[in-house]
$ cat data_31.txt   # compact mmCIF, C-alpha atoms
# COMPACT_ATOMS: atom_id res chain seq x y z
CA MET A 1 8.71 -20.65 17.17
CA PHE A 2 9.08 -17.25 15.53
CA LEU A 3 6.37 -14.68 14.82
CA ALA A 4 6.94 -11.61 12.65
CA SER A 5 4.53 -9.00 11.29
CA ALA A 6 4.45 -5.97 9.00
CA PRO A 7 1.73 -3.36 8.37
CA GLY A 8 -0.06 -2.51 5.18
CA LYS A 9 -0.19 0.99 3.80
CA LEU A 10 -2.32 3.63 2.15
CA ILE A 11 -0.99 6.10 -0.40
CA LEU A 12 -2.19 9.64 0.24
CA LEU A 13 -0.78 11.08 -2.97
CA GLY A 14 1.65 10.09 -5.72
CA GLU A 15 0.37 6.84 -7.25
CA HIS A 16 1.93 6.04 -10.63
CA SER A 17 3.90 9.30 -10.79
CA VAL A 18 6.24 7.74 -8.22
CA VAL A 19 7.27 5.19 -10.86
CA TYR A 20 8.66 8.09 -12.94
CA GLY A 21 10.82 9.79 -10.35
CA HIS A 22 8.29 11.93 -8.49
CA ARG A 23 7.75 11.69 -4.76
CA ALA A 24 4.79 10.05 -3.03
CA ILE A 25 3.31 10.27 0.46
CA ALA A 26 2.19 7.09 2.20
CA ALA A 27 1.32 5.97 5.70
CA ALA A 28 1.15 2.65 7.53
CA VAL A 29 -2.22 1.32 8.70
CA SER A 30 -3.12 -0.82 11.68
CA LEU A 31 -3.94 -3.87 9.51
CA SER A 32 -1.02 -6.25 9.05
CA THR A 33 0.31 -9.58 7.78
CA ARG A 34 1.85 -12.04 10.23
CA VAL A 35 4.21 -14.95 9.53
CA HIS A 36 4.51 -17.77 12.07
CA LEU A 37 7.42 -20.21 11.79
CA LYS A 38 7.03 -23.55 13.58
CA PRO A 39 10.03 -25.88 13.89
CA GLN A 40 9.64 -29.13 11.95
CA GLY A 41 11.87 -31.73 10.36
CA GLY A 42 12.69 -31.60 6.68
CA PRO A 43 12.32 -28.78 4.15
CA THR A 44 10.62 -25.52 5.05
CA THR A 45 7.05 -25.75 3.75
CA LEU A 46 3.84 -23.75 3.79
CA ILE A 47 1.37 -25.39 6.17
CA GLY A 48 -1.35 -22.75 6.23
CA SER A 49 -2.02 -19.39 4.59
CA ALA A 50 -4.78 -16.80 4.41
CA ILE A 51 -3.23 -15.73 1.09
CA ASP A 52 -3.83 -17.90 -1.97
CA ASP A 53 -1.09 -17.12 -4.47
CA PRO A 54 1.02 -19.53 -6.54
CA ARG A 55 4.05 -17.28 -6.05
CA LEU A 56 4.13 -17.92 -2.30
CA GLU A 57 6.41 -20.95 -2.54
CA GLU A 58 9.07 -18.97 -4.39
CA ALA A 59 8.75 -16.11 -1.90
CA LEU A 60 9.33 -18.55 0.96
CA SER A 61 12.43 -19.96 -0.75
CA LEU A 62 13.91 -16.46 -1.10
CA ALA A 63 13.19 -15.27 2.45
CA LEU A 64 13.39 -18.26 4.76
CA PRO A 65 15.88 -21.00 5.68
CA GLU A 66 15.63 -23.97 3.30
CA ARG A 67 14.91 -26.44 6.07
CA GLY A 68 13.44 -26.69 9.50
CA PHE A 69 10.13 -24.83 9.54
CA GLY A 70 6.45 -25.01 8.82
CA VAL A 71 5.07 -21.62 7.76
CA GLU A 72 1.68 -20.16 8.62
CA ILE A 73 0.57 -16.83 7.16
CA TYR A 74 -2.24 -14.67 8.52
CA THR A 75 -3.44 -11.29 7.29
CA ASP A 76 -6.06 -8.65 8.09
CA LEU A 77 -5.34 -6.85 4.83
CA PRO A 78 -7.60 -7.14 1.80
CA VAL A 79 -5.46 -8.77 -0.89
CA GLY A 80 -5.05 -7.03 -4.23
CA ARG A 81 -6.73 -3.83 -3.08
CA GLY A 82 -3.78 -1.42 -3.12
CA MET A 83 -3.09 -1.58 0.60
CA GLY A 84 0.35 -3.14 0.28
CA SER A 85 -0.62 -6.72 1.10
CA SER A 86 2.27 -8.23 -0.87
CA ALA A 87 4.76 -5.78 0.65
CA ALA A 88 3.54 -6.58 4.16
CA LEU A 89 3.96 -10.26 3.33
CA ALA A 90 7.47 -9.67 1.97
CA ILE A 91 8.65 -7.76 5.04
CA ALA A 92 7.01 -10.17 7.48
CA LEU A 93 8.69 -13.12 5.71
CA LEU A 94 12.09 -11.41 5.76
CA ARG A 95 11.73 -10.54 9.46
CA ALA A 96 10.73 -14.11 10.26
CA GLY A 97 13.69 -15.45 8.28
CA ASP A 98 16.08 -13.14 10.12
CA MET A 99 14.66 -14.26 13.46
CA ALA A 100 15.15 -17.91 12.52
CA ARG A 101 18.79 -17.20 11.62
CA GLY A 102 19.40 -15.16 14.76
CA GLU A 103 19.96 -11.99 12.74
CA VAL A 104 18.77 -8.43 13.36
CA SER A 105 16.46 -6.92 10.75
CA SER A 106 17.68 -3.43 9.90
CA PHE A 107 15.56 -1.15 7.77
CA ALA A 108 18.26 -0.90 5.09
CA SER A 109 18.48 -4.67 4.77
CA LEU A 110 14.72 -5.20 4.72
CA TYR A 111 14.31 -2.48 2.13
CA GLN A 112 16.93 -3.83 -0.27
CA ARG A 113 15.84 -7.45 0.03
CA GLY A 114 12.20 -6.42 -0.17
CA PHE A 115 12.66 -5.45 -3.81
CA GLU A 116 13.48 -9.04 -4.74
CA LEU A 117 10.32 -10.39 -3.14
CA GLU A 118 8.11 -7.59 -4.44
CA ARG A 119 9.32 -8.25 -8.00
CA LEU A 120 7.68 -11.66 -7.74
CA PHE A 121 4.31 -9.96 -7.35
CA HIS A 122 4.64 -6.63 -9.19
CA GLY A 123 7.37 -6.91 -11.80
CA ASN A 124 8.61 -3.31 -11.46
CA PRO A 125 7.84 -2.11 -7.92
CA SER A 126 8.61 1.47 -6.95
CA GLY A 127 9.74 0.32 -3.49
CA LEU A 128 7.19 2.52 -1.75
CA ASP A 129 5.00 -0.24 -0.36
CA HIS A 130 7.70 -2.28 1.32
CA ALA A 131 9.42 0.89 2.55
CA VAL A 132 6.27 1.78 4.49
CA SER A 133 5.88 -1.79 5.76
CA ALA A 134 9.47 -1.85 6.99
CA LEU A 135 9.55 1.65 8.50
CA GLY A 136 5.99 2.34 9.71
CA GLY A 137 4.55 5.80 10.32
CA ALA A 138 4.22 8.28 7.45
CA LEU A 139 6.90 8.91 4.87
CA VAL A 140 7.73 10.64 1.64
CA TYR A 141 9.33 8.45 -0.97
CA ARG A 142 11.20 8.87 -4.23
CA LYS A 143 12.24 5.81 -6.24
CA GLY A 144 15.93 5.07 -5.83
CA GLN A 145 16.31 7.18 -2.68
CA GLN A 146 15.96 6.45 1.00
CA PRO A 147 12.45 7.22 2.29
CA GLU A 148 12.08 10.20 4.59
CA PRO A 149 9.78 10.06 7.63
CA VAL A 150 7.39 13.00 7.77
CA ARG A 151 5.37 14.46 10.60
CA MET A 152 1.68 13.83 10.14
CA PRO A 153 -0.89 14.33 12.88
CA PRO A 154 -3.40 11.54 13.52
CA THR A 155 -5.80 11.73 10.60
CA GLN A 156 -9.23 10.12 10.51
CA VAL A 157 -10.02 8.22 7.31
CA VAL A 158 -12.51 5.74 5.94
CA VAL A 159 -11.45 3.00 3.54
CA LEU A 160 -14.08 1.78 1.07
CA ASP A 161 -13.52 -1.49 -0.76
CA THR A 162 -14.52 -2.03 -4.40
CA ARG A 163 -14.13 -5.78 -3.78
CA LEU A 164 -12.23 -5.94 -7.04
CA ALA A 165 -8.55 -6.87 -7.20
CA GLY A 166 -6.39 -4.61 -9.33
CA ASP A 167 -3.36 -6.06 -11.14
CA THR A 168 -0.57 -3.63 -10.26
CA ALA A 169 1.88 -4.86 -12.88
CA GLN A 170 -0.77 -4.63 -15.60
CA LEU A 171 -1.90 -1.17 -14.52
CA VAL A 172 1.67 0.19 -14.38
CA ALA A 173 2.32 -1.26 -17.82
CA GLY A 174 -0.88 0.32 -19.11
CA VAL A 175 0.20 3.77 -17.96
CA ALA A 176 3.59 3.27 -19.60
CA SER A 177 1.88 2.38 -22.87
CA ARG A 178 -0.08 5.66 -22.80
CA ARG A 179 2.99 7.83 -22.46
CA PRO A 180 3.83 10.52 -23.49
CA ARG A 181 0.17 11.51 -23.80
CA VAL A 182 -0.41 11.13 -20.04
CA ASP A 183 2.87 12.77 -18.96
CA PRO A 184 1.24 16.12 -18.03
CA HIS A 185 -1.03 14.26 -15.61
CA LEU A 186 1.92 12.40 -14.09
CA GLU A 187 3.69 15.74 -13.63
CA ALA A 188 0.60 17.19 -11.96
CA LEU A 189 0.37 14.22 -9.59
CA GLY A 190 3.99 14.79 -8.60
CA ASP A 191 3.38 18.51 -8.05
CA LEU A 192 0.43 17.77 -5.75
CA VAL A 193 2.70 15.75 -3.47
CA GLU A 194 5.04 18.71 -3.00
CA GLN A 195 2.10 21.00 -2.21
CA ALA A 196 0.55 18.50 0.20
CA LEU A 197 3.72 18.21 2.27
CA LEU A 198 3.04 21.80 3.38
CA VAL A 199 -0.53 21.08 4.57
CA LEU A 200 -0.45 17.62 6.16
CA ASP A 201 -1.96 19.17 9.29
CA ASP A 202 -4.92 20.64 7.35
CA PRO A 203 -7.38 17.89 6.32
CA ILE A 204 -9.53 20.31 4.33
CA ALA A 205 -6.66 21.49 2.13
CA LEU A 206 -5.29 17.96 1.92
CA GLY A 207 -8.71 16.68 0.91
CA ALA A 208 -8.93 19.21 -1.93
CA MET A 209 -5.57 17.98 -3.24
CA MET A 210 -6.76 14.38 -3.06
CA ASN A 211 -9.81 15.32 -5.14
CA GLU A 212 -7.57 16.93 -7.74
CA ALA A 213 -5.31 13.89 -7.75
CA GLN A 214 -8.30 11.67 -8.50
CA THR A 215 -9.04 13.66 -11.66
CA HIS A 216 -5.49 13.01 -12.90
CA LEU A 217 -5.63 9.33 -11.93
CA ARG A 218 -8.83 9.07 -13.93
CA ALA A 219 -7.13 10.76 -16.88
CA ILE A 220 -4.21 8.31 -16.94
CA GLY A 221 -6.66 5.41 -17.10
CA VAL A 222 -6.35 3.74 -13.70
CA SER A 223 -9.72 4.58 -12.17
CA SER A 224 -12.86 2.51 -12.78
CA PRO A 225 -16.65 2.89 -12.52
CA GLU A 226 -16.57 1.09 -9.17
CA ILE A 227 -13.95 3.50 -7.82
CA GLU A 228 -15.88 6.52 -9.07
CA VAL A 229 -19.05 5.38 -7.31
CA LEU A 230 -17.20 5.13 -3.98
CA VAL A 231 -15.52 8.52 -4.46
CA GLU A 232 -18.90 10.15 -5.10
CA LEU A 233 -20.42 8.40 -2.08
CA ALA A 234 -17.60 9.61 0.17
CA LEU A 235 -17.81 13.23 -0.98
CA ALA A 236 -21.59 13.20 -0.56
CA ASN A 237 -21.28 11.99 3.03
CA GLY A 238 -18.83 14.32 4.72
CA ALA A 239 -15.41 13.46 3.26
CA SER A 240 -13.15 16.43 2.54
CA GLY A 241 -11.39 14.40 -0.13
CA ALA A 242 -11.54 10.95 -1.70
CA LYS A 243 -9.42 9.09 -4.22
CA LEU A 244 -8.23 5.65 -5.14
CA SER A 245 -5.26 4.50 -3.08
CA GLY A 246 -2.83 2.19 -4.81
CA ALA A 247 -2.52 1.11 -8.41
CA GLY A 248 -6.25 1.43 -9.15
CA GLY A 249 -8.40 -0.68 -11.43
CA GLY A 250 -10.23 -1.81 -8.32
CA GLY A 251 -8.82 -1.85 -4.82
CA VAL A 252 -9.87 0.72 -2.25
CA VAL A 253 -10.88 4.33 -2.03
CA LEU A 254 -9.35 6.47 0.72
CA ALA A 255 -11.62 9.16 2.15
CA LEU A 256 -10.54 11.87 4.60
CA THR A 257 -13.23 12.35 7.27
CA PRO A 258 -12.12 15.20 9.55
CA HIS A 259 -15.69 15.74 10.80
CA GLY A 260 -16.24 12.09 11.69
CA SER A 261 -16.85 8.84 9.86
CA HIS A 262 -20.36 7.96 11.08
CA ASP A 263 -22.35 9.30 8.12
CA LEU A 264 -20.10 7.74 5.51
CA LEU A 265 -19.98 4.36 7.25
CA GLU A 266 -23.78 4.34 7.54
CA ALA A 267 -24.21 5.28 3.89
CA ALA A 268 -21.78 2.55 2.84
CA ALA A 269 -23.53 -0.06 4.99
CA ALA A 270 -26.91 0.90 3.55
CA ARG A 271 -25.58 0.12 0.07
CA GLY A 272 -23.80 -3.09 1.05
CA ILE A 273 -20.37 -1.55 0.60
CA GLN A 274 -17.54 -2.85 2.77
CA ALA A 275 -15.93 0.04 4.62
CA PHE A 276 -13.95 0.63 7.80
CA ALA A 277 -12.59 3.62 9.70
CA CYS A 278 -9.01 3.96 10.86
CA THR A 279 -6.42 6.54 11.80
CA LEU A 280 -3.27 7.33 9.85
CA PRO A 281 -0.41 6.94 10.41
CA GLU A 282 0.12 3.73 12.37
CA ARG A 283 3.39 3.84 14.33
$ encode --input "data_31.txt" --output "structure tokens"
Amino acid sequence: MFLASAPGKLILLGEHSVVYGHRAIAAAVSLSTRVHLKPQGGPTTLIGSAIDDPRLEEALSLALPERGFGVEIYTDLPVGRGMGSSAALAIALLRAGDMARGEVSSFASLYQRGFELERLFHGNPSGLDHAVSALGGALVYRKGQQPEPVRMPPTQVVVLDTRLAGDTAQLVAGVASRRPRVDPHLEALGDLVEQALLVLDDPIALGAMMNEAQTHLRAIGVSSPEIEVLVELALANGASGAKLSGAGGGGVVLALTPHGSHDLLEAAAARGIQAFACTLPER
């Protein structure tokens, strides 16, 4: 039997602008996807999964040996919420496949092969999500270049769930269709990343940059009424900054809570909003 796992991620800054050559900052979270391979006769088949997606069978055929295993998939990650659930699945599948073949999973190999699996789910992935899943910790990423680990002190955050799944491929295509009108906002999002790299140890300054980023994400058309409600709730209950994290459309809102998460979690619970506290980055 072989068991492999990979973490999800949250993007601090750089959504969508990363597709156009700017850098982004992301960090791994403690939630993960796990792939369990059980020896069996005949072709490798899916025997149980917490993820319901018709593309799973093709993903298995790309990552795993053709024969000899039953595959079970477990995940703590909300699917389709911008937390890198498909990337975590891709990296966990590749790690499990390498284990079954007796091979060592290097970051370089996982990263390159991860693109093929991520294209099944996202069409034109930046590579950021599966880079975080493969490397862990916090990193700065530019499309087409190797990710760079960055020092980031433990940072308290609250994640609030819209309970709506965003379609990453559709959202990325929508931004592309609005160019060049939205290009100044994409440039501004890229500039905020460079500024934030200087203040990763200052949650107040970082929070202000997240708030500014949210205004640009709204302007390029990837926010939603549900996201805006959660951003306002977070800022009204102690967050120094709050923004969507991921492609948008739905997904989750990331709120920095340097003074504690209690008030925000209570406010979310009172309104029936799913929320949880965690620390970034996960090593």
$ closest_residue --input "data_31.txt" --among "A:Leu230, A:Ala169, A:Leu120, A:Leu254" --to "Arg271 in chain A" --atoms "all atoms listed in the file"
A:Leu230
$ closest_residue --input "data_31.txt" --among "A:Ser106, A:Thr279, A:Ser133, A:Asn124" --to "Arg34 in chain A" --atoms "all atoms listed in the file"
A:Ser133
$ atom_distance --input "data_31.txt" --atom1 "CA of Pro154 in chain A" --atom2 "CA of Leu89 in chain A"
25.2 Å
$ residues_around --input "data_31.txt" --residues "Gly246 in chain A" --least-positions-apart "2" --cutoff "10 Å" --atoms "all atoms listed in the file" --output "ChimeraX atom specification"
/A:9-16,26,80-84,129,166,168,222,243-244,248-254
$ write_last_selection --input "data_31.txt" --atoms "C-alpha atoms" --output "PDB file, in the coordinates of the input"
ATOM      1  CA  LYS A   9      -0.190   0.990   3.800  1.00  0.00           C
ATOM      2  CA  LEU A  10      -2.320   3.630   2.150  1.00  0.00           C
ATOM      3  CA  ILE A  11      -0.990   6.100  -0.400  1.00  0.00           C
ATOM      4  CA  LEU A  12      -2.190   9.640   0.240  1.00  0.00           C
ATOM      5  CA  LEU A  13      -0.780  11.080  -2.970  1.00  0.00           C
ATOM      6  CA  GLY A  14       1.650  10.090  -5.720  1.00  0.00           C
ATOM      7  CA  GLU A  15       0.370   6.840  -7.250  1.00  0.00           C
ATOM      8  CA  HIS A  16       1.930   6.040 -10.630  1.00  0.00           C
ATOM      9  CA  ALA A  26       2.190   7.090   2.200  1.00  0.00           C
ATOM     10  CA  GLY A  80      -5.050  -7.030  -4.230  1.00  0.00           C
ATOM     11  CA  ARG A  81      -6.730  -3.830  -3.080  1.00  0.00           C
ATOM     12  CA  GLY A  82      -3.780  -1.420  -3.120  1.00  0.00           C
ATOM     13  CA  MET A  83      -3.090  -1.580   0.600  1.00  0.00           C
ATOM     14  CA  GLY A  84       0.350  -3.140   0.280  1.00  0.00           C
ATOM     15  CA  ASP A 129       5.000  -0.240  -0.360  1.00  0.00           C
ATOM     16  CA  GLY A 166      -6.390  -4.610  -9.330  1.00  0.00           C
ATOM     17  CA  THR A 168      -0.570  -3.630 -10.260  1.00  0.00           C
ATOM     18  CA  VAL A 222      -6.350   3.740 -13.700  1.00  0.00           C
ATOM     19  CA  LYS A 243      -9.420   9.090  -4.220  1.00  0.00           C
ATOM     20  CA  LEU A 244      -8.230   5.650  -5.140  1.00  0.00           C
ATOM     21  CA  GLY A 248      -6.250   1.430  -9.150  1.00  0.00           C
ATOM     22  CA  GLY A 249      -8.400  -0.680 -11.430  1.00  0.00           C
ATOM     23  CA  GLY A 250     -10.230  -1.810  -8.320  1.00  0.00           C
ATOM     24  CA  GLY A 251      -8.820  -1.850  -4.820  1.00  0.00           C
ATOM     25  CA  VAL A 252      -9.870   0.720  -2.250  1.00  0.00           C
ATOM     26  CA  VAL A 253     -10.880   4.330  -2.030  1.00  0.00           C
ATOM     27  CA  LEU A 254      -9.350   6.470   0.720  1.00  0.00           C
TER      28      LEU A 254
END
$ residues_around --input "data_31.txt" --residues "Thr75 in chain A" --least-positions-apart "4" --cutoff "12 Å" --atoms "all atoms listed in the file" --output "VMD selection string"
chain A and resid 4 to 8 30 to 36 48 to 52 79 83 to 89 92
$ write_last_selection --input "data_31.txt" --atoms "C-alpha atoms" --output "mmCIF file, in the coordinates of the input"
data_model
loop_
_atom_site.group_PDB
_atom_site.id
_atom_site.type_symbol
_atom_site.label_atom_id
_atom_site.label_comp_id
_atom_site.auth_asym_id
_atom_site.auth_seq_id
_atom_site.Cartn_x
_atom_site.Cartn_y
_atom_site.Cartn_z
ATOM 1 C CA ALA A 4 6.940 -11.610 12.650
ATOM 2 C CA SER A 5 4.530 -9.000 11.290
ATOM 3 C CA ALA A 6 4.450 -5.970 9.000
ATOM 4 C CA PRO A 7 1.730 -3.360 8.370
ATOM 5 C CA GLY A 8 -0.060 -2.510 5.180
ATOM 6 C CA SER A 30 -3.120 -0.820 11.680
ATOM 7 C CA LEU A 31 -3.940 -3.870 9.510
ATOM 8 C CA SER A 32 -1.020 -6.250 9.050
ATOM 9 C CA THR A 33 0.310 -9.580 7.780
ATOM 10 C CA ARG A 34 1.850 -12.040 10.230
ATOM 11 C CA VAL A 35 4.210 -14.950 9.530
ATOM 12 C CA HIS A 36 4.510 -17.770 12.070
ATOM 13 C CA GLY A 48 -1.350 -22.750 6.230
ATOM 14 C CA SER A 49 -2.020 -19.390 4.590
ATOM 15 C CA ALA A 50 -4.780 -16.800 4.410
ATOM 16 C CA ILE A 51 -3.230 -15.730 1.090
ATOM 17 C CA ASP A 52 -3.830 -17.900 -1.970
ATOM 18 C CA VAL A 79 -5.460 -8.770 -0.890
ATOM 19 C CA MET A 83 -3.090 -1.580 0.600
ATOM 20 C CA GLY A 84 0.350 -3.140 0.280
ATOM 21 C CA SER A 85 -0.620 -6.720 1.100
ATOM 22 C CA SER A 86 2.270 -8.230 -0.870
ATOM 23 C CA ALA A 87 4.760 -5.780 0.650
ATOM 24 C CA ALA A 88 3.540 -6.580 4.160
ATOM 25 C CA LEU A 89 3.960 -10.260 3.330
ATOM 26 C CA ALA A 92 7.010 -10.170 7.480
#
$ atom_distance --input "data_31.txt" --atom1 "CA of Ala269 in chain A" --atom2 "CA of Arg218 in chain A"
25.6 Å
$ atom_distance --input "data_31.txt" --atom1 "CA of Ala165 in chain A" --atom2 "CA of Ser245 in chain A"
12.5 Å
$ closest_residue --input "data_31.txt" --among "A:Phe2, A:Tyr141, A:Tyr111, A:Phe276" --to "Tyr20 in chain A" --atoms "only C-alpha atoms"
A:Tyr141
$ residues_around --input "data_31.txt" --residues "Ala63 in chain A" --least-positions-apart "6" --cutoff "7 Å" --atoms "all atoms listed in the file" --output "PyMOL selection string"
chain A and resi 93-94+97
$ closest_residue --input "data_31.txt" --among "A:Ala100, A:Leu233, A:Val18, A:Val157" --to "Pro281 in chain A" --atoms "all atoms listed in the file"
A:Val157
$ closest_residue --input "data_31.txt" --among "A:Asp263, A:Thr257, A:Leu37, A:Ile227" --to "Leu160 in chain A" --atoms "all atoms listed in the file"
A:Ile227
$ closest_residue --input "data_31.txt" --among "A:Leu164, A:Val175, A:Val150, A:His259" --to "Ile204 in chain A" --atoms "only C-alpha atoms"
A:His259
$ residues_around --input "data_31.txt" --residues "Val132 in chain A" --least-positions-apart "2" --cutoff "7 Å" --atoms "only C-alpha atoms" --output "PDB file with C-alpha atoms, in the frame of the given file"
ATOM      1  CA  LYS A   9      -0.190   0.990   3.800  1.00  0.00           C
ATOM      2  CA  ALA A  27       1.320   5.970   5.700  1.00  0.00           C
ATOM      3  CA  ALA A  28       1.150   2.650   7.530  1.00  0.00           C
ATOM      4  CA  LEU A 128       7.190   2.520  -1.750  1.00  0.00           C
ATOM      5  CA  ASP A 129       5.000  -0.240  -0.360  1.00  0.00           C
ATOM      6  CA  HIS A 130       7.700  -2.280   1.320  1.00  0.00           C
ATOM      7  CA  ALA A 134       9.470  -1.850   6.990  1.00  0.00           C
ATOM      8  CA  LEU A 135       9.550   1.650   8.500  1.00  0.00           C
ATOM      9  CA  GLY A 136       5.990   2.340   9.710  1.00  0.00           C
TER      10      GLY A 136
END
$ residues_around --input "data_31.txt" --residues "Ser17 in chain A" --least-positions-apart "3" --cutoff "8 Å" --atoms "only C-alpha atoms" --output "ChimeraX atom specification"
/A:14,20-24,186-187,189-190
$ residues_near_point --input "data_31.txt" --point "(-14.0, 15.7, 3.4)" --cutoff "6 Å" --atoms "only C-alpha atoms" --output "number ranges by chain"
A: 207, 238-241, 256-257
$ axis_aligned_box --input "data_31.txt" --around "range 63-78 of chain A" --padding-each-side "6 Å" --output "JSON"
{"center_x": 4.1, "center_y": -16.8, "center_z": 5.7, "size_x": 35.5, "size_y": 31.8, "size_z": 19.7}
$ decode --input "data_31.txt" --residues "range 95-102 of chain A" --atoms "all heavy atoms" --output "short mmCIF file (atom, residue, chain, number, x, y, z; two decimals), in the first residue's frame"
data_model
loop_
_atom_site.label_atom_id
_atom_site.label_comp_id
_atom_site.auth_asym_id
_atom_site.auth_seq_id
_atom_site.Cartn_x
_atom_site.Cartn_y
_atom_site.Cartn_z
N ARG A 95 2.95 11.83 -6.57
CA ARG A 95 3.77 11.23 -5.50
C ARG A 95 3.42 9.76 -5.29
O ARG A 95 4.30 8.91 -5.13
CB ARG A 95 3.59 12.02 -4.21
CG ARG A 95 4.36 13.34 -4.18
CD ARG A 95 4.08 14.12 -2.92
NE ARG A 95 4.98 15.26 -2.82
CZ ARG A 95 4.73 16.37 -2.11
NH1 ARG A 95 3.59 16.48 -1.44
NH2 ARG A 95 5.60 17.35 -2.09
N ALA A 96 2.12 9.46 -5.31
CA ALA A 96 1.70 8.08 -5.13
C ALA A 96 2.20 7.22 -6.29
O ALA A 96 2.67 6.09 -6.08
CB ALA A 96 0.17 8.01 -5.03
N GLY A 97 2.10 7.74 -7.52
CA GLY A 97 2.59 6.99 -8.66
C GLY A 97 4.09 6.73 -8.58
O GLY A 97 4.56 5.63 -8.91
N ASP A 98 4.84 7.73 -8.14
CA ASP A 98 6.29 7.55 -7.99
C ASP A 98 6.60 6.49 -6.94
O ASP A 98 7.49 5.64 -7.12
CB ASP A 98 6.95 8.87 -7.61
CG ASP A 98 7.01 9.84 -8.78
OD1 ASP A 98 6.76 9.42 -9.93
OD2 ASP A 98 7.32 11.02 -8.54
N MET A 99 5.86 6.53 -5.83
CA MET A 99 6.06 5.51 -4.79
C MET A 99 5.81 4.11 -5.36
O MET A 99 6.58 3.17 -5.11
CB MET A 99 5.10 5.76 -3.62
CG MET A 99 5.42 6.95 -2.77
SD MET A 99 4.18 7.12 -1.44
CE MET A 99 4.76 8.62 -0.65
N ALA A 100 4.73 3.96 -6.12
CA ALA A 100 4.38 2.65 -6.66
C ALA A 100 5.45 2.14 -7.62
O ALA A 100 5.67 0.93 -7.75
CB ALA A 100 3.03 2.72 -7.37
N ARG A 101 6.14 3.06 -8.29
CA ARG A 101 7.20 2.67 -9.24
C ARG A 101 8.57 2.59 -8.58
O ARG A 101 9.56 2.31 -9.24
CB ARG A 101 7.25 3.68 -10.39
CG ARG A 101 5.97 3.77 -11.20
CD ARG A 101 6.14 4.76 -12.35
NE ARG A 101 4.87 4.99 -13.05
CZ ARG A 101 4.05 6.01 -12.81
NH1 ARG A 101 4.38 6.92 -11.90
NH2 ARG A 101 2.92 6.14 -13.47
N GLY A 102 8.64 2.91 -7.29
CA GLY A 102 9.91 2.90 -6.60
C GLY A 102 10.80 4.07 -6.95
O GLY A 102 12.03 3.99 -6.84
#
